[in-house]
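*Asks:* Got a structure for you, written out below as structure tokens; questions coming shortly.
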Amino acid sequence: MEKYDIIVVGGGAAGFFTAINAAENNPQLKILILERGKEVLTKVKVSGGGRCNVTHAEFIPAELVKRYPRGEKELRGPFHKFMTGDTIAWFEERGVELKIEEDGRMFPVTDSSQTIIDCFKKECKRLNIEVLKGHSLKNFKRDEELWKVETSKEEFECQKLMLATGSNTKVWKLLERIGHTIVPAVPSLFTFNIQDPRIKGLAGISTEAEVNVLGEQLESSGPLLITHWGMSGPAILKLSAWGARELNRLDYRFKIKVNWLPGHSANEMLEELKQLKFSSSKQQVFTRAQFNLPKRLWQSIVKASGISEETRWADLSKDQLKKLSDELTGAIFRVNGKSTFKEEFVTAGGIDLKEIDFQTFESRIHKDLYFAGEILNIDAITGGFNFQNAWTGAFLAARAMS
């Protein structure tokens, strides 16, 4: 049975980052990465549409933690030790330059995730880190001072064990067996399925909006994108992340209230519409979009308010003005199911955070057992934050392990 100083289970972002940093800290260490699939770093490859959204240009720990519906409190300390600036420097030292896009997301300047994959593979070669593929974890147990690791192909021994297996339910079950608590996984980061005549034919339109889930204390604001199957965009994705558990409990069937004019109440809107009734009296309501709304969306809202295409502002009744004000600031839509956002399968759930020492990312229950990435009950909104959690956890664990 071959013996290693460190075995890392999981050949993804967190796994590779742990192994490389541990070997850098102590080149004498014998390190092995075990991956169950035929290929390593498959999630890195497809992330950010194949460009790899490495991190997010947020450099203040207290602000960065606000992007984590689960893990906000726990990551504050770790981010003071390793965060965005450190990530950028780490990659630059290894010849990978990152760039910041308008929305704050950061990508390699090559716009290719292969750049990140090549960097990791090159580092592994340079540092003599062994990588074995097609090794699915069957079991692991503590045997006196060592961890015994059994895969679908053979058995190994190691001093220190790192599990970076993402949201792998099989591994979670093995952890439950040795006393860890697993918070059940539910989807996070998804779009809303909505069949409604008011948004039919408007796919591709994006506008700022405020969204509330009726009956729950869930609200968000930001760009809302109308899609062929419903609604997406940051406003919706934030709701799906923060409300991951509540929306799962509702079986993804609930109602949302959309305010197409953030910051305006129905009463304020009614006053503005009454002014338009006078100032634009001869114009047709339908023809010219108001309040900087996309034209097709405005026209759909006008129709939904029971106003015909020929109606002029002067001819609007009290009821029509009220209905238009309500549709603009409080349109109710029925959500019936969800769809995955792009290729980002993010889940909320994993190892209970109370069982982790966040200075080292070591288990509080078992000595020399470490975790990083999505195996923990930590998840973030979209934009490079899930990767930053992986880099930070892996870096601090590697420091402790080596």
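Identifiers in the structure tokens: chain A, B, ... in order shown; residue index from 1 per chain; ligand index from 1 in order shown.
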Per DSSP on the backbone, what are the strand (DSSP E) residues of segment 152-400 of chain A, as JSON, numbers by chain?
*Replies:* {"A": [155, 156, 157, 158, 159, 160, 161, 162, 163, 182, 183, 184, 185, 186, 187, 188, 190, 191, 192, 193, 206, 207, 208, 209, 210, 211, 212, 213, 218, 219, 220, 221, 222, 223, 224, 225, 226, 230, 231, 232, 253, 254, 255, 256, 257, 258, 259, 331, 332, 333, 334, 335, 336, 338, 339, 340, 346, 347, 348, 349, 350, 351, 356, 357, 362, 363, 369, 370, 371]}
*Asks:* Neighbours of segment 170-178 of chain A within 12 Å (only C-alpha atoms; same-chain residues fewer than 3 positions away dropped), as a compact mmCIF listing (two decimals) with C-alpha atoms, in the first residue's frame?
*Replies:*
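Contents of around_20.txt, as written:
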```txt
# COMPACT_ATOMS: atom_id res chain seq x y z
CA VAL A 9 -9.49 13.63 -3.17
CA GLY A 10 -11.08 15.62 -6.00
CA ARG A 36 -12.94 9.87 -10.08
CA SER A 136 -13.61 6.85 -7.24
CA LEU A 137 -13.50 7.15 -3.43
CA LYS A 138 -15.04 4.07 -1.80
CA ASN A 139 -14.02 4.62 1.81
CA PHE A 140 -11.55 6.32 4.14
CA LYS A 141 -10.84 5.65 7.78
CA ARG A 142 -8.45 6.66 10.52
CA VAL A 149 -8.00 5.71 1.61
CA GLU A 150 -9.74 3.10 -0.52
CA THR A 151 -10.68 3.87 -4.15
CA LEU A 163 -11.55 16.20 0.60
CA ALA A 164 -12.37 18.61 -2.22
CA THR A 165 -15.11 16.57 -3.85
CA GLY A 166 -17.72 19.30 -4.37
CA SER A 167 -21.35 18.39 -3.79
CA THR A 181 -23.32 16.59 10.00
CA ILE A 182 -24.45 17.21 6.43
CA VAL A 183 -26.90 20.00 5.62
CA PRO A 184 -29.05 18.50 2.81
CA ALA A 185 -28.30 19.94 -0.62
CA GLY A 349 -25.74 22.31 1.39
CA GLY A 350 -22.77 20.31 2.62
CA ILE A 351 -20.74 19.87 5.78
CA ASP A 352 -22.15 21.87 8.69
CA GLU A 355 -17.68 21.45 12.44
CA SER A 363 -12.33 19.14 10.65
CA ILE A 365 -14.10 16.19 14.66
CA HIS A 366 -11.15 14.38 13.04
CA LEU A 369 -8.86 15.80 7.79
CA TYR A 370 -9.36 18.96 5.71
CA PHE A 371 -12.00 20.36 3.36
CA GLU A 374 -18.32 23.21 -2.36
CA ILE A 375 -18.14 20.14 -0.10
CA LEU A 376 -18.80 22.67 2.69
CA ASN A 377 -22.18 24.32 3.21
```
*Asks:* Check the smallest atom-to-atom distance from each of A:Ile33, A:Leu202, A:Ala372, A:Ala380 to Ser300 of chain A using only C-alpha atoms, then report the winner.
*Replies:*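 Once distances to Ser300 of chain A are computed over only C-alpha atoms, the minimum belongs to A:Leu202.
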*Asks:* Rank nothing, just name the residue among A:Lys303, A:His264, A:Lys30, A:Lys81 nearest to Asn128 of chain A, using only C-alpha atoms.
*Replies:* A:Lys30
*Asks:* For segment 82-88 of chain A, list every protein, DNA or RNA residue within 9 Å, evaluated using only C-alpha atoms, and leave out those in the same chain fewer than 4 positions away; present the list as a compact mmCIF listing (two decimals) with N, CA and C atoms, in the first residue's frame.
*Replies:*
```txt
# COMPACT_ATOMS: atom_id res chain seq x y z
N VAL A 54 -12.50 33.45 -12.82
CA VAL A 54 -11.57 33.10 -11.75
C VAL A 54 -11.93 33.71 -10.38
N THR A 55 -12.31 34.99 -10.39
CA THR A 55 -12.67 35.65 -9.14
C THR A 55 -13.46 36.91 -9.46
N HIS A 56 -13.66 37.77 -8.46
CA HIS A 56 -14.44 39.00 -8.65
C HIS A 56 -13.67 40.17 -8.07
N ALA A 57 -13.66 41.28 -8.77
CA ALA A 57 -12.88 42.46 -8.35
C ALA A 57 -13.53 43.17 -7.16
N GLU A 58 -13.56 42.48 -6.03
CA GLU A 58 -14.03 43.07 -4.77
C GLU A 58 -12.90 42.87 -3.78
N PHE A 59 -12.32 43.99 -3.28
CA PHE A 59 -11.08 43.87 -2.51
C PHE A 59 -11.25 44.14 -1.02
N ILE A 60 -12.49 44.31 -0.57
CA ILE A 60 -12.74 44.56 0.86
C ILE A 60 -13.43 43.32 1.45
N PRO A 61 -12.79 42.62 2.38
CA PRO A 61 -13.38 41.38 2.93
C PRO A 61 -14.83 41.55 3.38
N LEU A 64 -16.93 41.55 0.33
CA LEU A 64 -16.88 40.28 -0.38
C LEU A 64 -17.79 39.23 0.28
N PRO A 78 -10.97 34.11 7.05
CA PRO A 78 -10.16 33.60 5.94
C PRO A 78 -9.88 34.64 4.85
N GLU A 92 -0.67 35.64 -11.52
CA GLU A 92 0.31 36.45 -12.27
C GLU A 92 1.73 35.93 -12.09
N GLU A 93 2.04 35.49 -10.86
CA GLU A 93 3.38 34.93 -10.61
C GLU A 93 3.63 33.69 -11.46
N VAL A 96 -0.11 33.87 -15.57
CA VAL A 96 -1.51 34.00 -16.01
C VAL A 96 -2.03 35.37 -15.60
N GLU A 97 -2.27 36.22 -16.59
CA GLU A 97 -2.76 37.56 -16.29
C GLU A 97 -4.29 37.56 -16.32
N LEU A 98 -4.89 38.26 -15.35
CA LEU A 98 -6.35 38.34 -15.30
C LEU A 98 -6.80 39.74 -15.66
N GLN A 388 -13.58 31.91 -5.65
CA GLN A 388 -12.77 32.58 -4.62
C GLN A 388 -12.85 31.83 -3.29
N ASN A 389 -14.02 31.29 -2.98
CA ASN A 389 -14.14 30.46 -1.78
C ASN A 389 -13.22 29.24 -1.87
N TRP A 391 -10.40 28.93 -3.71
CA TRP A 391 -8.98 29.32 -3.62
C TRP A 391 -8.60 29.62 -2.16
N THR A 392 -9.46 30.36 -1.46
CA THR A 392 -9.14 30.76 -0.08
C THR A 392 -9.04 29.54 0.84
N GLY A 393 -10.06 28.68 0.78
CA GLY A 393 -10.05 27.48 1.63
C GLY A 393 -8.86 26.58 1.33
N PHE A 395 -5.99 27.39 -0.07
CA PHE A 395 -4.72 28.03 0.29
C PHE A 395 -4.43 27.89 1.79
N LEU A 396 -5.46 28.17 2.60
CA LEU A 396 -5.27 28.11 4.07
C LEU A 396 -5.10 26.67 4.54
```
*Asks:* Tell me, which residues of segment 222-269 of chain A carry DSSP helix (DSSP H, G or I), written as a PyMOL selection string?
*Replies:* chain A and resi 234-242+244-249+266-269
*Asks:* Return the single residue from A:Gly50, A:Ile205, A:Asp103, A:Asn259 that is closest to Glu219 of chain A, with distances computed using only C-alpha atoms.
*Replies:*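 Selected residue with least distance to Glu219 of chain A: A:Asn259.
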*Asks:* Which residues are near Thr329 of chain A? Cut-off 7 Å, only C-alpha atoms, ignore same chain within fewer than 2 positions. Put them as a PDB file with C-alpha atoms, in the first residue's frame.
*Replies:*
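Heads up, here's the output in result27.pdb:
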```
ATOM      1  CA  VAL A 258     -42.027  42.761  -9.925  1.00  0.00           C
ATOM      2  CA  ASN A 259     -41.516  46.521  -9.722  1.00  0.00           C
ATOM      3  CA  TRP A 260     -40.290  47.579 -13.175  1.00  0.00           C
ATOM      4  CA  LEU A 261     -39.421  51.037 -11.778  1.00  0.00           C
ATOM      5  CA  HIS A 264     -41.188  54.103  -7.136  1.00  0.00           C
ATOM      6  CA  SER A 265     -44.272  53.219  -5.110  1.00  0.00           C
ATOM      7  CA  ALA A 266     -47.701  52.710  -6.706  1.00  0.00           C
ATOM      8  CA  SER A 325     -49.545  52.230 -12.021  1.00  0.00           C
ATOM      9  CA  ASP A 326     -50.038  48.777 -10.426  1.00  0.00           C
ATOM     10  CA  GLU A 327     -48.617  46.920 -13.443  1.00  0.00           C
ATOM     11  CA  ALA A 331     -46.928  43.144 -11.360  1.00  0.00           C
TER      12      ALA A 331
END
```
*Asks:* Could you give me, as a PDB file with C-alpha atoms, in the first residue's frame, the residues within 8 Å of Val131 of chain A, counting only C-alpha atoms and dropping anything in the same chain fewer than 4 positions from it?
*Replies:*
```
ATOM      1  CA  LEU A  32      -1.283  12.641  -4.596  1.00  0.00           C
ATOM      2  CA  ILE A  33      -4.462  13.939  -6.260  1.00  0.00           C
ATOM      3  CA  LEU A  34      -7.222  11.366  -6.835  1.00  0.00           C
ATOM      4  CA  GLU A  35      -9.932  12.137  -9.416  1.00  0.00           C
TER       5      GLU A  35
END
```
*Asks:* Between A:Ile117, A:Leu328, A:Leu146, A:Met162, which has the minimum distance to Ser402 of chain A (counting only C-alpha atoms)?
*Replies:*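 Ranking A:Ile117, A:Leu328, A:Leu146, A:Met162 by distance to Ser402 of chain A, first place goes to A:Met162.
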*Asks:* I need the residue nearest Arg126 of chain A from this list: A:Leu225, A:Met106, A:Leu29, A:Ala23. Use only C-alpha atoms for the distance.
*Replies:*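 Checking each candidate against Arg126 of chain A, we get A:Ala23 as the closest.
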*Asks:* What's the 12 Å shell around Ile129 of chain A, counting only C-alpha atoms, without same-chain residues fewer than 6 positions away, as a PDB file with C-alpha atoms, in the first residue's frame?
*Replies:*
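Dumped to around_1.pdb:
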```
ATOM      1  CA  TYR A   4       1.803   9.711   0.955  1.00  0.00           C
ATOM      2  CA  ASP A   5       2.183  12.780   3.128  1.00  0.00           C
ATOM      3  CA  ILE A   6      -0.953  14.345   1.645  1.00  0.00           C
ATOM      4  CA  ILE A   7      -3.755  12.860  -0.422  1.00  0.00           C
ATOM      5  CA  VAL A   8      -6.215  15.227  -2.069  1.00  0.00           C
ATOM      6  CA  GLY A  11      -9.288  16.897  -9.104  1.00  0.00           C
ATOM      7  CA  GLY A  15      -8.136  20.098  -5.022  1.00  0.00           C
ATOM      8  CA  PHE A  16      -5.440  21.323  -7.400  1.00  0.00           C
ATOM      9  CA  PHE A  17      -4.995  24.610  -5.548  1.00  0.00           C
ATOM     10  CA  THR A  18      -4.477  22.712  -2.271  1.00  0.00           C
ATOM     11  CA  ALA A  19      -1.933  20.303  -3.725  1.00  0.00           C
ATOM     12  CA  ILE A  20       0.085  22.988  -5.559  1.00  0.00           C
ATOM     13  CA  ASN A  21       0.265  25.327  -2.559  1.00  0.00           C
ATOM     14  CA  ALA A  22       1.167  22.521  -0.152  1.00  0.00           C
ATOM     15  CA  ALA A  23       4.005  21.404  -2.451  1.00  0.00           C
ATOM     16  CA  GLU A  24       5.218  25.004  -2.840  1.00  0.00           C
ATOM     17  CA  ASN A  26       7.225  22.142   1.398  1.00  0.00           C
ATOM     18  CA  PRO A  27       8.766  20.548  -1.737  1.00  0.00           C
ATOM     19  CA  GLN A  28       9.740  17.443   0.295  1.00  0.00           C
ATOM     20  CA  LEU A  29       6.107  16.358   0.636  1.00  0.00           C
ATOM     21  CA  LYS A  30       4.821  13.387  -1.330  1.00  0.00           C
ATOM     22  CA  ILE A  31       1.418  14.487  -2.642  1.00  0.00           C
ATOM     23  CA  LEU A  32      -1.283  12.641  -4.596  1.00  0.00           C
ATOM     24  CA  ILE A  33      -4.462  13.939  -6.260  1.00  0.00           C
ATOM     25  CA  LEU A  34      -7.222  11.366  -6.835  1.00  0.00           C
ATOM     26  CA  PHE A 120      -2.340  23.942 -12.810  1.00  0.00           C
ATOM     27  CA  LYS A 121      -1.045  20.966 -14.799  1.00  0.00           C
ATOM     28  CA  LYS A 122       2.327  22.634 -15.378  1.00  0.00           C
ATOM     29  CA  GLU A 123       2.662  23.413 -11.649  1.00  0.00           C
TER      30      GLU A 123
END
```
*Asks:* What does the structure give for the distance between atom CA of Glu39 of chain A and atom CA of Arg51 of chain A, in Å to one decimal?
*Replies:*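 These atoms are spaced 17.9 Å apart.
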*Asks:* Show me, as a VMD selection string, the residues that have an atom within 10 Å of Ile199 of chain A when counting only C-alpha atoms, minus same-chain residues fewer than 6 positions from it.
*Replies:* chain A and resid 205 226 to 231 296 to 297 300 to 301 333
*Asks:* If you keep N, CA and C atoms, can you produce a file of those selected residues as a compact mmCIF listing (two decimals), in the first residue's frame?
*Replies:*
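Result file part05.txt:
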```txt
# COMPACT_ATOMS: atom_id res chain seq x y z
N ILE A 205 -35.01 40.93 -23.50
CA ILE A 205 -35.12 42.27 -22.90
C ILE A 205 -34.59 42.23 -21.47
N ILE A 226 -35.63 38.91 -19.32
CA ILE A 226 -36.76 38.07 -19.75
C ILE A 226 -36.22 37.03 -20.72
N THR A 227 -36.57 35.75 -20.49
CA THR A 227 -36.08 34.66 -21.36
C THR A 227 -37.26 33.96 -22.01
N HIS A 228 -36.96 32.98 -22.86
CA HIS A 228 -38.04 32.23 -23.54
C HIS A 228 -38.89 31.45 -22.54
N TRP A 229 -38.26 31.06 -21.42
CA TRP A 229 -39.01 30.23 -20.45
C TRP A 229 -39.39 31.00 -19.18
N GLY A 230 -39.04 32.29 -19.11
CA GLY A 230 -39.43 33.03 -17.90
C GLY A 230 -38.53 34.20 -17.59
N MET A 231 -37.90 34.18 -16.42
CA MET A 231 -37.06 35.30 -16.00
C MET A 231 -35.72 34.83 -15.44
N ARG A 296 -40.77 47.53 -26.08
CA ARG A 296 -41.67 46.37 -26.17
C ARG A 296 -42.24 46.01 -24.79
N LEU A 297 -41.45 46.22 -23.76
CA LEU A 297 -41.94 45.95 -22.40
C LEU A 297 -43.03 46.97 -22.03
N SER A 300 -46.22 46.09 -23.72
CA SER A 300 -46.85 44.91 -23.10
C SER A 300 -47.56 45.30 -21.79
N ILE A 301 -46.93 46.20 -21.01
CA ILE A 301 -47.52 46.65 -19.74
C ILE A 301 -48.80 47.47 -20.01
N PHE A 333 -46.49 37.75 -10.85
CA PHE A 333 -46.27 36.65 -11.79
C PHE A 333 -46.22 35.33 -11.01
```
*Asks:* Between atom CA of Lys66 of chain A and atom CA of Pro234 of chain A, measure the distance and give it in Å to one decimal.
*Replies:*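 Going from atom CA of Lys66 of chain A over to atom CA of Pro234 of chain A covers 14.7 Å.
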*Asks:* Restricting the calculation to only C-alpha atoms, which member of A:Gln359, A:Gln195, A:Gln283, A:Ser317 is positioned closest to Glu74 of chain A?
*Replies:*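 Of A:Gln359, A:Gln195, A:Gln283, A:Ser317, the one nearest Glu74 of chain A is A:Gln359, counting only C-alpha atoms.
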